[in-house]
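Have a look at target04.txt; it's compact mmCIF, C-alpha atoms and all ligand atoms:
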# COMPACT_ATOMS: atom_id res chain seq x y z
CA MET A 1 -3.29 -13.35 2.61
CA GLN A 2 -6.97 -12.46 2.78
CA GLN A 3 -8.71 -12.80 -0.59
CA ASP A 4 -9.93 -9.47 -1.94
CA GLY A 5 -13.63 -8.99 -1.22
CA LEU A 6 -14.30 -7.81 -4.74
CA ILE A 7 -12.83 -10.92 -6.27
CA ALA A 8 -14.80 -13.09 -3.86
CA ARG A 9 -18.02 -11.38 -5.00
CA LEU A 10 -17.20 -11.75 -8.68
CA CYS A 11 -15.87 -15.28 -8.47
CA ASN A 12 -18.67 -16.87 -10.43
CA ARG A 13 -18.80 -14.34 -13.22
CA PRO A 14 -17.23 -15.68 -16.42
CA GLY A 15 -15.67 -13.32 -18.98
CA LEU A 16 -14.89 -10.68 -16.37
CA ARG A 17 -13.10 -7.56 -17.63
CA LEU A 18 -11.14 -6.27 -14.66
CA GLY A 19 -9.32 -2.95 -14.55
CA VAL A 20 -6.41 -2.82 -12.10
CA MET A 21 -5.58 0.79 -11.28
CA GLY A 22 -1.95 0.77 -10.22
CA GLY A 23 -0.28 3.75 -8.63
CA THR A 24 1.33 5.23 -5.57
CA PHE A 25 -1.64 7.57 -5.02
CA ASP A 26 0.40 9.96 -2.91
CA PRO A 27 -2.25 11.33 -2.61
CA VAL A 28 -5.18 10.16 -4.75
CA HIS A 29 -6.86 13.02 -6.65
CA ILE A 30 -9.81 13.55 -8.95
CA ALA A 31 -7.81 12.89 -12.14
CA HIS A 32 -7.18 9.33 -10.86
CA LEU A 33 -10.93 8.90 -10.40
CA VAL A 34 -11.70 10.37 -13.83
CA THR A 35 -9.06 8.08 -15.38
CA ALA A 36 -10.59 4.99 -13.76
CA GLN A 37 -14.09 6.01 -14.82
CA GLU A 38 -12.94 6.73 -18.41
CA ALA A 39 -11.24 3.32 -18.57
CA LEU A 40 -14.35 1.64 -17.16
CA VAL A 41 -16.53 3.09 -19.91
CA HIS A 42 -14.07 3.14 -22.81
CA PHE A 43 -12.79 -0.42 -22.32
CA ASP A 44 -16.14 -1.82 -21.17
CA LEU A 45 -14.74 -2.98 -17.84
CA ASP A 46 -16.89 -4.58 -15.12
CA GLN A 47 -14.85 -3.26 -12.21
CA VAL A 48 -11.78 -1.19 -11.50
CA LEU A 49 -9.69 -2.47 -8.60
CA PHE A 50 -7.44 0.25 -7.21
CA MET A 51 -4.07 -1.15 -6.17
CA PRO A 52 -2.15 1.36 -4.03
CA ALA A 53 1.56 0.50 -4.06
CA GLY A 54 3.25 -0.56 -0.85
CA ASP A 55 6.97 -0.17 -1.22
CA ALA A 56 7.43 0.85 -4.86
CA PRO A 57 10.51 -0.77 -6.44
CA HIS A 58 11.56 2.45 -8.14
CA LYS A 59 11.18 4.83 -5.18
CA SER A 60 13.22 5.22 -2.03
CA ARG A 61 10.43 6.81 0.05
CA HIS A 62 6.86 7.98 -0.11
CA GLY A 63 5.41 11.21 1.12
CA ALA A 64 2.75 9.51 3.23
CA PRO A 65 2.76 5.98 4.69
CA PRO A 66 1.10 3.17 2.70
CA GLU A 67 -1.73 2.72 5.23
CA PHE A 68 -2.71 6.39 4.96
CA ARG A 69 -2.56 6.34 1.13
CA TYR A 70 -4.78 3.25 1.24
CA LEU A 71 -7.25 5.06 3.51
CA LEU A 72 -7.43 7.99 1.09
CA VAL A 73 -8.05 5.69 -1.90
CA ALA A 74 -10.71 3.72 0.00
CA THR A 75 -12.42 6.99 0.95
CA ALA A 76 -12.21 8.43 -2.57
CA THR A 77 -13.67 5.34 -4.23
CA ALA A 78 -16.29 4.37 -1.63
CA SER A 79 -19.30 5.87 -3.41
CA ASN A 80 -18.69 4.15 -6.78
CA PRO A 81 -20.01 0.56 -6.92
CA HIS A 82 -17.69 -0.16 -9.87
CA PHE A 83 -14.59 0.81 -7.90
CA SER A 84 -12.91 -1.14 -5.13
CA VAL A 85 -9.52 -1.15 -3.44
CA SER A 86 -7.08 -3.94 -2.77
CA ARG A 87 -4.82 -4.18 0.27
CA PHE A 88 -2.60 -6.71 -1.52
CA GLU A 89 0.45 -4.50 -2.10
CA ILE A 90 -0.06 -2.56 1.14
CA ASP A 91 -0.09 -5.74 3.23
CA ARG A 92 2.97 -7.27 1.60
CA ASN A 93 5.98 -6.42 3.68
CA LYS A 94 8.16 -6.41 0.62
CA VAL A 95 8.69 -4.45 -2.56
CA SER A 96 5.60 -4.43 -4.83
CA TYR A 97 6.46 -5.75 -8.24
CA THR A 98 3.56 -5.54 -10.68
CA VAL A 99 4.25 -9.05 -11.95
CA ASP A 100 3.68 -10.45 -8.43
CA THR A 101 0.43 -8.52 -8.08
CA LEU A 102 -0.84 -9.71 -11.46
CA GLU A 103 0.15 -13.32 -10.68
CA TYR A 104 -1.80 -13.09 -7.42
CA LEU A 105 -4.87 -11.67 -9.17
CA ALA A 106 -4.63 -14.20 -12.00
CA GLY A 107 -4.75 -16.91 -9.35
CA ILE A 108 -8.02 -15.72 -7.80
CA VAL A 109 -10.10 -14.23 -10.66
CA PRO A 110 -12.59 -16.42 -12.54
CA GLN A 111 -11.17 -18.32 -15.49
CA GLY A 112 -11.38 -16.29 -18.70
CA THR A 113 -10.98 -12.94 -16.92
CA GLU A 114 -9.22 -10.25 -18.95
CA MET A 115 -7.09 -7.85 -16.94
CA PHE A 116 -6.29 -4.25 -17.88
CA PHE A 117 -3.59 -2.55 -15.82
CA ILE A 118 -4.30 1.18 -15.83
CA THR A 119 -1.53 3.59 -14.96
CA GLY A 120 0.26 6.75 -16.05
CA ALA A 121 1.99 6.75 -19.44
CA ASP A 122 5.28 7.81 -17.83
CA ALA A 123 5.20 4.66 -15.72
CA VAL A 124 4.28 2.47 -18.74
CA LEU A 125 7.26 3.88 -20.66
CA GLU A 126 9.52 2.19 -18.12
CA ILE A 127 7.85 -1.20 -18.41
CA LEU A 128 10.85 -2.90 -20.01
CA THR A 129 12.86 -2.12 -16.86
CA TRP A 130 10.27 -3.80 -14.60
CA LYS A 131 10.64 -7.30 -13.19
CA ASP A 132 9.71 -9.86 -15.89
CA PRO A 133 8.09 -7.47 -18.42
CA ALA A 134 7.17 -10.27 -20.84
CA ARG A 135 5.14 -12.03 -18.14
CA VAL A 136 3.61 -8.71 -17.05
CA LEU A 137 2.34 -8.08 -20.59
CA GLU A 138 1.17 -11.65 -20.91
CA LEU A 139 -0.89 -11.43 -17.72
CA SER A 140 -2.50 -8.06 -18.46
CA ALA A 141 -3.12 -5.50 -21.15
CA PHE A 142 -2.00 -1.98 -20.24
CA ILE A 143 -3.91 1.29 -20.44
CA ALA A 144 -1.45 4.17 -20.48
CA ALA A 145 -3.20 7.32 -19.30
CA THR A 146 -1.85 10.56 -20.78
CA ARG A 147 -2.65 14.21 -20.52
CA PRO A 148 -3.39 16.24 -23.71
CA GLY A 149 -0.17 17.41 -25.35
CA TYR A 150 1.77 14.38 -24.09
CA ASP A 151 4.63 13.40 -26.41
CA LEU A 152 3.25 10.18 -27.88
CA SER A 153 6.42 9.45 -29.86
CA ARG A 154 8.00 7.90 -26.75
CA LEU A 155 5.10 5.46 -26.46
CA SER A 156 5.46 4.63 -30.19
CA GLU A 157 9.14 3.88 -29.54
CA LEU A 158 8.11 1.57 -26.69
CA LEU A 159 5.72 -0.29 -29.01
CA GLU A 160 8.53 -0.66 -31.58
CA GLU A 161 10.83 -2.03 -28.89
CA LEU A 162 8.14 -4.46 -27.72
CA ARG A 163 7.62 -5.57 -31.32
CA SER A 164 11.29 -6.45 -31.62
CA LYS A 165 11.38 -8.30 -28.28
CA THR A 166 8.07 -10.13 -27.93
CA VAL A 167 7.19 -12.81 -30.39
CA ASP A 168 3.66 -13.78 -29.41
CA LEU A 169 2.14 -10.48 -28.34
CA VAL A 170 0.71 -7.70 -30.50
CA PRO A 171 2.07 -4.58 -28.78
CA GLU A 172 -0.82 -2.33 -29.91
CA ALA A 173 -3.28 -4.73 -28.28
CA ARG A 174 -1.30 -4.97 -25.02
CA VAL A 175 -0.50 -1.27 -24.56
CA ARG A 176 -3.43 1.06 -25.21
CA ILE A 177 -3.24 4.84 -24.89
CA MET A 178 -6.04 6.82 -23.26
CA GLU A 179 -6.01 10.63 -23.16
CA VAL A 180 -7.50 12.11 -20.00
CA PRO A 181 -7.76 15.93 -19.94
CA ALA A 182 -8.08 15.95 -16.12
CA LEU A 183 -4.54 14.53 -15.87
CA ALA A 184 -3.22 18.07 -15.83
CA ILE A 185 -3.74 17.45 -12.11
CA SER A 186 -1.02 15.33 -10.51
CA SER A 187 -0.08 14.12 -7.04
CA SER A 188 3.09 16.22 -7.13
CA MET A 189 0.99 19.31 -7.85
CA ILE A 190 -1.26 18.45 -4.88
CA ARG A 191 1.76 17.89 -2.60
CA GLU A 192 3.32 21.19 -3.70
CA ARG A 193 0.11 23.07 -2.96
CA LEU A 194 -0.30 21.43 0.44
CA ALA A 195 3.33 22.12 1.35
CA VAL A 196 2.76 25.85 1.04
CA GLY A 197 -0.69 25.82 2.64
CA LYS A 198 -2.69 26.26 -0.59
CA THR A 199 -6.15 24.74 -0.83
CA VAL A 200 -6.68 21.50 -2.76
CA ARG A 201 -10.46 21.88 -2.69
CA TYR A 202 -12.04 20.36 -5.81
CA LEU A 203 -8.68 18.81 -6.80
CA VAL A 204 -9.32 15.91 -4.41
CA PRO A 205 -12.71 14.68 -3.11
CA ASP A 206 -13.84 16.66 -0.04
CA PRO A 207 -13.50 13.75 2.45
CA VAL A 208 -9.96 13.15 1.16
CA ALA A 209 -9.11 16.81 1.70
CA GLU A 210 -10.47 16.56 5.26
CA LEU A 211 -8.36 13.48 6.04
CA ILE A 212 -5.23 15.09 4.62
CA ASP A 213 -5.88 18.25 6.59
CA LYS A 214 -6.35 16.35 9.86
CA SER A 215 -3.30 14.15 9.29
CA GLY A 216 -0.82 16.92 8.64
CA TYR A 217 0.89 14.81 5.97
CA TYR A 218 2.29 16.70 2.99
CA LYS A 219 2.76 19.86 5.03
CA THR A 220 6.35 21.03 5.07
CA GLY A 221 8.17 19.33 7.93
CA GLY A 222 5.08 17.27 8.70
CA SER A 223 3.64 20.16 10.72
CA GLN A 224 -0.08 20.07 11.38
CA THR A 225 -0.28 23.84 11.47
CA ALA A 226 1.09 24.95 8.08
CA GLY A 227 -1.35 27.18 6.23
CA ARG A 228 -3.84 29.50 7.84
CA LYS A 229 -7.04 27.81 9.02
CA ARG A 230 -10.23 29.60 8.12
CA CYS A 231 -12.85 30.01 10.84
CA ARG A 232 -15.94 27.96 10.23
CA PRO A 233 -19.43 29.00 11.29
P1 LIG A 301 4.93 7.32 -10.92
O1 LIG A 301 6.30 7.14 -11.50
O2 LIG A 301 4.82 7.95 -9.57
O3 LIG A 301 3.97 8.09 -11.89
C1 LIG A 301 4.30 8.38 -13.24
C2 LIG A 301 3.21 9.25 -13.80
O4 LIG A 301 2.03 8.46 -13.95
C3 LIG A 301 2.83 10.42 -12.90
O5 LIG A 301 2.50 11.50 -13.73
C4 LIG A 301 1.62 9.89 -12.17
O6 LIG A 301 0.75 10.91 -11.74
C5 LIG A 301 0.94 9.05 -13.23
N1 LIG A 301 0.12 7.97 -12.66
C6 LIG A 301 0.51 7.02 -11.80
N2 LIG A 301 -0.49 6.15 -11.57
C7 LIG A 301 -1.54 6.59 -12.31
C8 LIG A 301 -2.85 6.11 -12.51
N3 LIG A 301 -3.26 4.97 -11.94
N4 LIG A 301 -3.66 6.80 -13.33
C9 LIG A 301 -3.23 7.91 -13.94
N5 LIG A 301 -2.00 8.42 -13.80
C10 LIG A 301 -1.15 7.77 -13.00
O7 LIG A 301 4.22 5.92 -10.93
P2 LIG A 301 3.80 5.08 -9.72
O8 LIG A 301 2.48 5.62 -9.27
O9 LIG A 301 4.89 4.99 -8.72
O10 LIG A 301 3.67 3.62 -10.40
C11 LIG A 301 2.65 3.33 -11.29
C12 LIG A 301 2.37 1.83 -11.25
O11 LIG A 301 3.45 1.13 -11.91
C13 LIG A 301 2.32 1.26 -9.83
O12 LIG A 301 1.31 0.31 -9.78
C14 LIG A 301 3.68 0.63 -9.63
O13 LIG A 301 3.69 -0.44 -8.69
C15 LIG A 301 3.97 0.13 -11.04
N6 LIG A 301 5.41 -0.04 -11.23
C16 LIG A 301 5.91 -1.29 -11.18
C17 LIG A 301 7.28 -1.51 -11.32
C18 LIG A 301 7.80 -2.93 -11.26
O14 LIG A 301 7.02 -3.86 -11.18
N7 LIG A 301 9.10 -3.09 -11.31
C19 LIG A 301 8.12 -0.41 -11.51
C20 LIG A 301 7.57 0.86 -11.55
C21 LIG A 301 6.20 1.05 -11.40
P3 LIG A 301 0.33 11.00 -10.21
O15 LIG A 301 1.61 11.21 -9.47
O16 LIG A 301 -0.61 12.12 -10.17
O17 LIG A 301 -0.28 9.66 -9.87
Using structure tokens, write down the structure that the file contains.
Ligand code: NAP
Amino acid sequence: MQQDGLIARLCNRPGLRLGVMGGTFDPVHIAHLVTAQEALVHFDLDQVLFMPAGDAPHKSRHGAPPEFRYLLVATATASNPHFSVSRFEIDRNKVSYTVDTLEYLAGIVPQGTEMFFITGADAVLEILTWKDPARVLELSAFIAATRPGYDLSRLSELLEELRSKTVDLVPEARVRIMEVPALAISSSMIRERLAVGKTVRYLVPDPVAELIDKSGYYKTGGSQTAGRKRCRP
């Protein structure tokens, strides 16, 4: 496994605060980018490493193949020096369990690095069903991104459950909630729009929209011709 370039560059930096942005990114959209930027600033992170999922343990299939989702994330994050993308889960030819990803990162980051796994609150709510949740929470704090109006009581219930199960960890310190207004945008909304030929302009970065358009992914039946093309000058 090739060591992530980002980690190689940061190897000598002690006290690193590393965000790990976990998601399927099917496709990546601007709310993901806003979420990562908010986490960077709010939690005083040095870097956010996007970690597109390969084969997600909880999903039978993805809309677009892992390599294409990786390409979109790499394109979307290219202009931000504080963002980078890992191929770790994409290159593993097996199911991506977060605990395996965090163990891998823990093995290559400088000693004393703090990790913050950033993902959607709905995904965090399921954390106790993940592989080895105690180890997951030991390896990394979690930033649960929510949209305004999200029912926070379910996250409170999760914290209560963690309190009753974990002896050494303070749940409030391991699972942090971050409200992101832009999260009204979602990948399913983007896919639904693309399926009926609606524009996703300004909902995803322009180069991402171009790649999606050329690929034909997300169009109903995989057709490259769904939706009327506008003539360009
Ligand atoms: P999901 O169930 O597809 O997403 C749940 C919600 O969270 C959706 O609203 C989604 O919006 C949002 N979301 C996902 N990633 C986000 C991010 N980075 N920032 C903001 N919102 C985000 O979740 P998923 O994407 O498949 O999985 C999330 C992460 O949890 C992945 O890294 C996955 O590997 C991990 N996970 C691990 C296990 C395990 O180890 N057993 C099990 C489940 C999930 P969008 O659709 O717009 O992104």
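Ranking A:Met189, A:Ala74, A:Leu162, A:Ala123 by their shortest atom-to-atom distance to ligand LIG 301 (chain A), with all atoms listed in the file included, puts A:Ala123 first.
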| said: At a cut-off of 8 Å around ligand LIG 301 (chain A), and using all atoms listed in the file, what residues come up? Please write them as a PyMOL selection string. | reply: chain A and resi 21-29+31-32+35-36+50-54+56-59+96-100+118-124+126-127+129-131+144-146+183+185-189
| query | From the set A:Asp151, A:Glu157, A:Glu103, A:Glu114, which residue has the shortest atom-to-atom contact distance to Val136 of chain A, counting all atoms listed in the file? | reply | A:Glu103
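Our summary of the geometry notes that atom CA of Pro181 of chain A is positioned 5.4 Å from atom CA of Arg147 of chain A.
Atom CA of Arg154 of chain A is found 25.2 Å from atom CA of Gln37 of chain A.
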| task | Please identify all polymer residues lying at most 7 Å from the point (-8.5, 0.0, 1.2) (file coordinates), using only C-alpha atoms, and present the result as a ChimeraX atom specification. | result | /A:70-71,73-74,85-87
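Across the structure, atom CA of Glu38 of chain A and atom CA of Ser79 of chain A are spaced 16.3 Å apart.
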Neighbours of segment 13-17 of chain A within 9 Å (all atoms listed in the file; same-chain residues fewer than 3 positions away dropped), as a compact mmCIF listing (two decimals) with C-alpha atoms, in the frame of the given file?
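Just written: around23.txt:
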# COMPACT_ATOMS: atom_id res chain seq x y z
CA ARG A 9 -18.02 -11.38 -5.00
CA LEU A 10 -17.20 -11.75 -8.68
CA PHE A 43 -12.79 -0.42 -22.32
CA ASP A 44 -16.14 -1.82 -21.17
CA LEU A 45 -14.74 -2.98 -17.84
CA ASP A 46 -16.89 -4.58 -15.12
CA GLN A 47 -14.85 -3.26 -12.21
CA VAL A 48 -11.78 -1.19 -11.50
CA VAL A 109 -10.10 -14.23 -10.66
CA PRO A 110 -12.59 -16.42 -12.54
CA GLN A 111 -11.17 -18.32 -15.49
CA GLY A 112 -11.38 -16.29 -18.70
CA THR A 113 -10.98 -12.94 -16.92
CA GLU A 114 -9.22 -10.25 -18.95
CA MET A 115 -7.09 -7.85 -16.94
CA PHE A 116 -6.29 -4.25 -17.88
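Using all atoms listed in the file for every distance, the candidate list A:Gly63, A:Arg135, A:Leu169, A:Ser140 yields A:Gly63 as the residue closest to Glu192 of chain A.
Restricting the calculation to all atoms listed in the file, the smallest distance between Leu49 of chain A and any of A:Thr77, A:Ser84, A:Val200, A:Ala64 is found for A:Ser84.
For the choices A:Ile90, A:Val20, A:Ala106, A:Ile190, the atom-to-atom distance to Val208 of chain A is smallest for A:Ile190 when using all atoms listed in the file.
Distance annotation: of A:Pro205, A:Asp132, A:Ala141, A:Ala39, the residue with the minimal separation from Ala78 of chain A is A:Pro205; atom set is all atoms listed in the file.
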Where is the centre and how long are the edges: axis-aligned box on segment 138-155 of chain A, 6 Å on each side, Å to one decimal, as JSON:
{"center_x": 2.0, "center_y": 2.9, "center_z": -23.8, "size_x": 23.9, "size_y": 41.1, "size_z": 24.1}
